[in-house]
Amino acid sequence: MPQTLSEKVWERHVVHRAEAEPDLLYVDLHLIHEVTSPQAFDGLRVHGRRVRRADLTVATMDHNVPTAPGPEDPISARQMEALARNCEEFGIMLFPTGHPGQGIVHVIGPQMGLTQPGLLIVCGDSHTSTHGAFGALAIGIGTSEVEHVLATQTLPQKRPGTLAVTVEGDLPHGVTAKDVILGIIARIGTGGGVGHIIEYRGSAIRSLSMEGRMTVCNMSIEGGARAGMVAPDDTTFAYLEGRPQAPKGSDWDRALDEWRSLATDPDAMFDEEVVIDAARLTSYVSWGTNPGQTVSIDDAVPDPASLEDATKRESAERALAYMGLEPGTAIRDIRPDTVFIGSCTNSRISDLREAAAVLHGRRVREGLRAMVVPGSMLVKVQAEKEGLDQVFKAAGFEWRDAGCSMCLAMNPDKLSPGERCASTSNRNFEGRQGRGGRTHLVSPAVAAATAVAGHFCTPADLGVDLARED
Amino acid sequence: MEPVTTITGTALPLDRSDVDTDQIVSAESLKRIERTGFGPFLFAEWRKDPGFVLNDLRFAGASILIAGPNFGCGSSREHAPWALEDAGFRAILAPSFADIFRNNCYKIGLLPVELPVEVVRRVMDAVLRDPTLQITVDLGARRVTGPGVDEVFEIDDFTRWRLLEGLDDIGLTLRHGDAIDAYEITRSEWLPRIRT
């Protein structure tokens with residue numbers, strides 16, 4: 001029977017299957033970090049259990065690491081110490097702060113070549129969907145499930161439905177991967193993917209780089225999906241070849257054979273399908289307090305009164321009150337106080353190149369705070385090799401160490417109440433970037449252009465042709 | 001885990017959609033490394049508003065939360081169900097739940113109950129009119145009853161059985177230890193392994 005990509009990966013991981021039970025799936029790679037693991041390790045100790053496969057488990061510190069020198073927050077430090085202690089006790093490889101391999105969990109996995117097609121990957125973090133860009137099935141889990149995977153290397157799961165999101169055609173000039181996923185979420189809504197694994201398909205998706213595909217898959221959870229995937233192809237293989245943890249020699253050839261068999265069969269059926277015309281996508285800016293509340297940069301803040309659905313109308317009214325915005329305000333007239341470039345959505349080298357291309361020879365608008373937080377220390381080193389740090393610093397951006405930083409404000413990088421931020425991160429929830437902070441989600445290109453202009457705008461508005469500067 | 005059978009109590013009407021886990025418990029309070037004590041952090045920001053429903057003493061002591069669609073979206077933090085549990089909630093009625101949140105609830109014996117949007121609306125309105133109304137969620141019968149509501153809900157047989165018996169998921173999986181051993185032998189040699 002013809003199968004989709006996600007069905008093939010699922011079937012290859014079934015350890016035990018019985019009528020009226022969830023499938024028991026084998027986990028190939030378990031990524032852990034300091035925030036969602038301490039209680040899981042405590043659970044193991046309480047029951048006298050060991051970590052079944054420390055060799056399939058990797059840990060990093062990312063969520064609350066400081067990204068600039070300064071006094072250490074003792075509560076954050078305690079959490080990081082707990083992770084170090086747990087990794088030591090259970091023999092797990094850890095990338096602590098100060099290690100050259102440290103970084104955001106969803107940046108370092110792909111960077112090391114650990115994230116590979118066809119794997120089942122889990123992490124106690126909802127943005128685990130990022131790894132689906134390689135054709136892996138990557139699922140975000142809670143702390144009880146983290147404990148379950150540590151103890152058994154398996155996870156009981158009910159099989160989700162399949163949703164094809166097909167983006168067909170050529171992306172308009174200046175439209176980036178971030179815009180593709182913001183456009184998709186604006187279309188399907190925050191609950192559009194609930195109970196489903198999304199497979200992103202179509203020529204516009206195929207045309208994206210691996211880092212672009214990671215940006216798209218990263219925000220699958222913002223559409224409510226269980227996971228997001230892209231079928232592996234030559235772009236995937238070229239990215240992986242030669243990375244430290246990728247297969248080598250004859251193993252590489254065996255792996256390739258396996259990986260090439262993963263793509264959705266031509267006559268396989270999806271439970272649901274959404275088709276999007278790439279030519280109609282544009283640069284997007286979120287205006288509300290969930291990622292579905294997003295419009296084109298050419299539009300204005302919507303009027304809640306125009307929404308027919310009562311729930312959506314009330315939600316929009318609340319969002320506008322929180323965001324301090326009036327209906328009808330042109331998006332380009334909104335003026336952020338802060339620009340944040342970073343997070344597991346947009347902190348990879350191509351994101352930094354995209355932003356630096358806009359900032360080259362330009363200055364951040366007077367009075368505006370701007371910072372870049374690379375996704376990993378290796379991304380930071382690479383960017384410095386390319387001189388991107390100099391471009392950012394000359395423009396007036398702060399150049400930080402790697403971490404999650406202002407995406408969720410667990411470290412000192414926070415917005416103040418009422419402070420408005422153009423952010424390349426993934427969530428614009430109330431208080432997400434600091435109590436009372438107001439977040440607008442954008443691409444790195446729009447974030448950089450906005451930093452220069454002092455109001456939302458695109459590189460084209462500044463006369464920058466990104467394609468040429470690449 | 002304590003067995004979950006029948007939950008009877010008053011309800012708290014939280015008439016909002018897309019309530020994300022950042023609102024249920026903010027990132028700042030995730031720095032604790034303990035499993036308990038998250039109740040005081042529940043909806044901490046919204047509670048600063050004296051008019052917020054959780055500050056309304058008429059609803060004090062509620063054990064059932066009623067909310068709008070897509071409840072628990074966003075971050076995978078299990079701290080959100082922990083906070084709800086610690087604050088005394090045993091069940092949540094909503095038109096829909098985010099997947100990870102629902103799974104996390106099942107793991108700790110907090111019962112997410114999905115009901116048609118019009119049923120949730122009716123119960124929400126009834127409770128807003130009379131906060132003393134008693135609602136019963138009967139897991140064994142898969143049924144929610146109360147004034148103006150008598151509705152069956154869906155839950156898969158396995159999860160229902162596990163909750164009714166109060167069984168530990170890890171213990172259940174370890175019964176399949178032989179199957180896990182057998183699967184491991186079939187895994188390709190070239191699959192990634194981390195060498196410390």
# chains A, B, ... in the order shown; residues from 1 in each chain; ligands from 1
$ residues_around --residues "B:Leu14" --least-positions-apart "3" --cutoff "10 Å" --atoms "only C-alpha atoms" --output "list in words"
Ala11, Ser17, Val19, Phe52, Val53, Leu54, Leu65, Ile66, Ala67, Gly68, Ala94, Met124 and Leu128 of chain B
$ write_last_selection --atoms "all heavy atoms" --output "short mmCIF file (atom, residue, chain, number, x, y, z; two decimals), in the first residue's frame"
data_model
loop_
_atom_site.label_atom_id
_atom_site.label_comp_id
_atom_site.auth_asym_id
_atom_site.auth_seq_id
_atom_site.Cartn_x
_atom_site.Cartn_y
_atom_site.Cartn_z
N ALA B 11 -17.03 24.42 39.14
CA ALA B 11 -16.17 24.69 37.99
C ALA B 11 -15.75 26.15 37.93
O ALA B 11 -16.43 27.03 38.47
CB ALA B 11 -16.88 24.30 36.70
N SER B 17 -10.09 31.67 24.30
CA SER B 17 -9.60 30.66 23.37
C SER B 17 -8.08 30.73 23.31
O SER B 17 -7.47 31.71 23.74
CB SER B 17 -10.19 30.91 21.98
OG SER B 17 -9.75 32.16 21.49
N VAL B 19 -5.64 29.50 24.92
CA VAL B 19 -4.87 29.76 26.14
C VAL B 19 -3.57 28.96 26.04
O VAL B 19 -3.59 27.73 26.00
CB VAL B 19 -5.66 29.37 27.41
CG1 VAL B 19 -4.78 29.50 28.65
CG2 VAL B 19 -6.90 30.24 27.54
N PHE B 52 -9.97 39.16 37.22
CA PHE B 52 -9.74 37.86 36.59
C PHE B 52 -10.52 36.78 37.35
O PHE B 52 -10.59 36.79 38.57
CB PHE B 52 -8.24 37.54 36.57
CG PHE B 52 -7.91 36.23 35.91
CD1 PHE B 52 -8.30 35.97 34.61
CD2 PHE B 52 -7.19 35.26 36.59
CE1 PHE B 52 -8.00 34.76 33.99
CE2 PHE B 52 -6.88 34.04 35.99
CZ PHE B 52 -7.28 33.80 34.69
N VAL B 53 -11.07 35.84 36.60
CA VAL B 53 -12.01 34.86 37.18
C VAL B 53 -11.39 34.04 38.32
O VAL B 53 -12.08 33.65 39.26
CB VAL B 53 -12.58 33.98 36.04
CG1 VAL B 53 -11.50 33.07 35.45
CG2 VAL B 53 -13.77 33.17 36.52
N LEU B 54 -10.10 33.81 38.25
CA LEU B 54 -9.46 33.02 39.31
C LEU B 54 -9.43 33.79 40.64
O LEU B 54 -9.25 33.19 41.71
CB LEU B 54 -8.04 32.63 38.89
CG LEU B 54 -7.43 31.38 39.50
CD1 LEU B 54 -8.25 30.13 39.22
CD2 LEU B 54 -6.01 31.16 38.98
N LEU B 65 -12.02 22.91 35.33
CA LEU B 65 -11.79 24.15 34.58
C LEU B 65 -12.55 24.06 33.26
O LEU B 65 -12.50 23.02 32.59
CB LEU B 65 -10.29 24.32 34.32
CG LEU B 65 -9.84 25.56 33.55
CD1 LEU B 65 -10.04 26.81 34.40
CD2 LEU B 65 -8.38 25.43 33.14
N ILE B 66 -13.26 25.13 32.91
CA ILE B 66 -13.95 25.16 31.61
C ILE B 66 -13.28 26.24 30.78
O ILE B 66 -13.13 27.38 31.24
CB ILE B 66 -15.45 25.50 31.76
CG1 ILE B 66 -16.09 24.61 32.83
CG2 ILE B 66 -16.17 25.34 30.43
CD1 ILE B 66 -17.53 24.99 33.15
N ALA B 67 -12.85 25.91 29.55
CA ALA B 67 -12.09 26.87 28.74
C ALA B 67 -12.49 26.80 27.28
O ALA B 67 -13.22 25.90 26.86
CB ALA B 67 -10.60 26.60 28.90
N GLY B 68 -11.98 27.76 26.51
CA GLY B 68 -12.27 27.84 25.08
C GLY B 68 -11.39 26.90 24.27
O GLY B 68 -10.58 26.15 24.83
N ALA B 94 -13.13 21.52 27.45
CA ALA B 94 -12.88 22.50 26.39
C ALA B 94 -13.27 21.90 25.04
O ALA B 94 -13.32 20.67 24.91
CB ALA B 94 -11.40 22.90 26.38
N MET B 124 -20.50 26.63 30.40
CA MET B 124 -19.81 27.87 30.82
C MET B 124 -20.85 28.90 31.28
O MET B 124 -20.72 29.50 32.36
CB MET B 124 -19.01 28.42 29.64
CG MET B 124 -18.17 29.63 29.93
SD MET B 124 -16.41 29.28 30.12
CE MET B 124 -15.90 28.84 28.48
N LEU B 128 -21.44 30.44 34.98
CA LEU B 128 -21.33 31.89 35.19
C LEU B 128 -22.56 32.41 35.94
O LEU B 128 -22.45 33.29 36.79
CB LEU B 128 -21.18 32.62 33.85
CG LEU B 128 -19.77 32.58 33.25
CD1 LEU B 128 -19.78 32.97 31.77
CD2 LEU B 128 -18.81 33.50 34.02
#
$ interface_residues --of "chain B" --to "chain A" --cutoff "8 Å" --atoms "only C-alpha atoms" --output "JSON, numbers by chain"
{"B": [16, 17, 18, 20, 22, 23, 26, 27, 28, 30, 31, 32, 33, 34, 35, 45, 70, 73, 74, 75, 76, 77, 78, 98, 99, 100, 103, 104, 107, 156, 157, 158, 169, 170, 173, 174, 176, 179, 180, 183, 190, 191, 192, 193, 194, 195, 196]}
$ select_by_dssp --residues "stretch 343-463 of chain A" --states "helix (DSSP H, G or I)" --output "PyMOL selection string"
chain A and resi 349-359+377-385+388-395+405-407+444-453+459-462
$ write_last_selection --atoms "C-alpha atoms" --output "compact mmCIF listing (two decimals), in the first residue's frame"
# COMPACT_ATOMS: atom_id res chain seq x y z
CA ILE A 349 24.29 31.20 9.68
CA SER A 350 22.01 31.85 6.70
CA ASP A 351 19.67 33.90 8.92
CA LEU A 352 22.60 36.00 10.11
CA ARG A 353 23.83 36.43 6.53
CA GLU A 354 20.34 37.53 5.48
CA ALA A 355 20.21 40.17 8.22
CA ALA A 356 23.82 41.30 7.72
CA ALA A 357 23.24 41.80 3.99
CA VAL A 358 20.58 44.37 4.88
CA LEU A 359 22.65 46.03 7.61
CA MET A 377 28.74 28.90 19.44
CA LEU A 378 29.79 27.31 16.14
CA VAL A 379 27.40 29.61 14.28
CA LYS A 380 28.97 32.49 16.19
CA VAL A 381 32.49 31.42 15.19
CA GLN A 382 31.44 30.96 11.55
CA ALA A 383 29.78 34.38 11.47
CA GLU A 384 32.93 35.97 12.90
CA LYS A 385 35.02 34.23 10.23
CA LEU A 388 29.25 39.35 10.00
CA ASP A 389 29.87 40.32 13.64
CA GLN A 390 31.62 43.45 12.39
CA VAL A 391 28.63 44.33 10.21
CA PHE A 392 26.23 43.88 13.13
CA LYS A 393 28.40 45.80 15.59
CA ALA A 394 29.06 48.64 13.14
CA ALA A 395 25.30 48.90 12.63
CA SER A 405 17.69 34.34 25.04
CA MET A 406 14.87 36.78 24.35
CA CYS A 407 12.72 34.19 22.59
CA PRO A 444 15.53 38.21 9.77
CA ALA A 445 15.41 40.38 6.63
CA VAL A 446 12.41 42.36 7.86
CA ALA A 447 13.89 42.56 11.39
CA ALA A 448 17.12 44.05 10.03
CA ALA A 449 15.37 46.53 7.71
CA THR A 450 13.05 47.53 10.55
CA ALA A 451 16.02 48.17 12.83
CA VAL A 452 17.37 50.63 10.27
CA ALA A 453 14.10 52.40 9.46
CA PRO A 459 14.81 45.42 2.64
CA ALA A 460 13.27 46.54 -0.67
CA ASP A 461 11.84 49.60 1.12
CA LEU A 462 15.45 50.55 1.89
$ residues_around --residues "A:Val442" --least-positions-apart "2" --cutoff "9 Å" --atoms "only C-alpha atoms" --output "mmCIF file with C-alpha atoms, in the first residue's frame"
data_model
loop_
_atom_site.group_PDB
_atom_site.id
_atom_site.type_symbol
_atom_site.label_atom_id
_atom_site.label_comp_id
_atom_site.auth_asym_id
_atom_site.auth_seq_id
_atom_site.Cartn_x
_atom_site.Cartn_y
_atom_site.Cartn_z
ATOM 1 C CA LYS A 178 9.986 32.589 7.727
ATOM 2 C CA ASP A 179 7.398 34.290 5.553
ATOM 3 C CA LEU A 182 3.957 32.662 8.832
ATOM 4 C CA SER A 283 6.521 39.432 3.900
ATOM 5 C CA TYR A 284 4.500 38.921 7.086
ATOM 6 C CA VAL A 285 4.290 40.632 10.467
ATOM 7 C CA SER A 286 2.220 39.338 13.386
ATOM 8 C CA ALA A 422 10.382 43.026 16.097
ATOM 9 C CA SER A 423 11.494 39.451 16.717
ATOM 10 C CA THR A 424 12.656 36.583 14.515
ATOM 11 C CA SER A 425 11.439 34.103 17.140
ATOM 12 C CA ASN A 426 8.339 31.900 16.998
ATOM 13 C CA HIS A 440 5.821 41.085 16.432
ATOM 14 C CA PRO A 444 15.526 38.209 9.769
ATOM 15 C CA ALA A 445 15.414 40.380 6.626
ATOM 16 C CA VAL A 446 12.409 42.360 7.863
ATOM 17 C CA ALA A 447 13.894 42.562 11.389
#
$ residues_around --residues "A:Arg280" --least-positions-apart "4" --cutoff "9 Å" --atoms "only C-alpha atoms" --output "PDB file with all heavy atoms, in the first residue's frame"
ATOM      1  N   LEU A 171       8.614  31.518  -5.164  1.00  0.00           N
ATOM      2  CA  LEU A 171       8.407  32.538  -4.132  1.00  0.00           C
ATOM      3  C   LEU A 171       8.751  33.899  -4.709  1.00  0.00           C
ATOM      4  O   LEU A 171       9.769  34.054  -5.389  1.00  0.00           O
ATOM      5  CB  LEU A 171       9.299  32.251  -2.922  1.00  0.00           C
ATOM      6  CG  LEU A 171       8.947  31.017  -2.101  1.00  0.00           C
ATOM      7  CD1 LEU A 171      10.025  30.751  -1.051  1.00  0.00           C
ATOM      8  CD2 LEU A 171       7.585  31.168  -1.436  1.00  0.00           C
ATOM      9  N   PRO A 172       7.925  34.902  -4.433  1.00  0.00           N
ATOM     10  CA  PRO A 172       8.258  36.244  -4.919  1.00  0.00           C
ATOM     11  C   PRO A 172       9.597  36.713  -4.337  1.00  0.00           C
ATOM     12  O   PRO A 172      10.000  36.272  -3.252  1.00  0.00           O
ATOM     13  CB  PRO A 172       7.113  37.108  -4.394  1.00  0.00           C
ATOM     14  CG  PRO A 172       6.002  36.162  -4.122  1.00  0.00           C
ATOM     15  CD  PRO A 172       6.637  34.873  -3.725  1.00  0.00           C
ATOM     16  N   ILE A 276      -1.182  25.987  -1.284  1.00  0.00           N
ATOM     17  CA  ILE A 276      -0.908  27.423  -1.209  1.00  0.00           C
ATOM     18  C   ILE A 276      -0.128  27.836  -2.443  1.00  0.00           C
ATOM     19  O   ILE A 276       0.836  27.167  -2.848  1.00  0.00           O
ATOM     20  CB  ILE A 276      -0.134  27.740   0.091  1.00  0.00           C
ATOM     21  CG1 ILE A 276      -1.076  27.558   1.294  1.00  0.00           C
ATOM     22  CG2 ILE A 276       0.457  29.154   0.063  1.00  0.00           C
ATOM     23  CD1 ILE A 276      -0.446  27.711   2.643  1.00  0.00           C
TER      24      ILE A 276
END
$ atom_distance --atom1 "atom CA of B:Glu189" --atom2 "atom CA of A:Ala59"
22.6 Å
$ atom_distance --atom1 "atom CA of B:Leu42" --atom2 "atom CA of A:Val105"
27.2 Å
$ atom_distance --atom1 "atom CA of A:Thr329" --atom2 "atom CA of A:Ala300"
5.2 Å
$ closest_residue --among "B:Arg122, B:Arg102, B:Arg58, B:Arg143" --to "B:Phe71" --atoms "only C-alpha atoms"
B:Arg102
$ select_by_dssp --residues "stretch 249-383 of chain A" --states "strand (DSSP E or B)" --output "JSON, numbers by chain"
{"A": [272, 273, 274, 275, 276, 277, 284, 285, 286, 294, 295, 296, 300, 330, 338, 339, 340, 341, 369, 370, 371, 372, 376]}
$ closest_residue --among "A:Leu368, A:Gln293, A:Thr264, A:Met1" --to "A:Gly183" --atoms "only C-alpha atoms"
A:Gln293
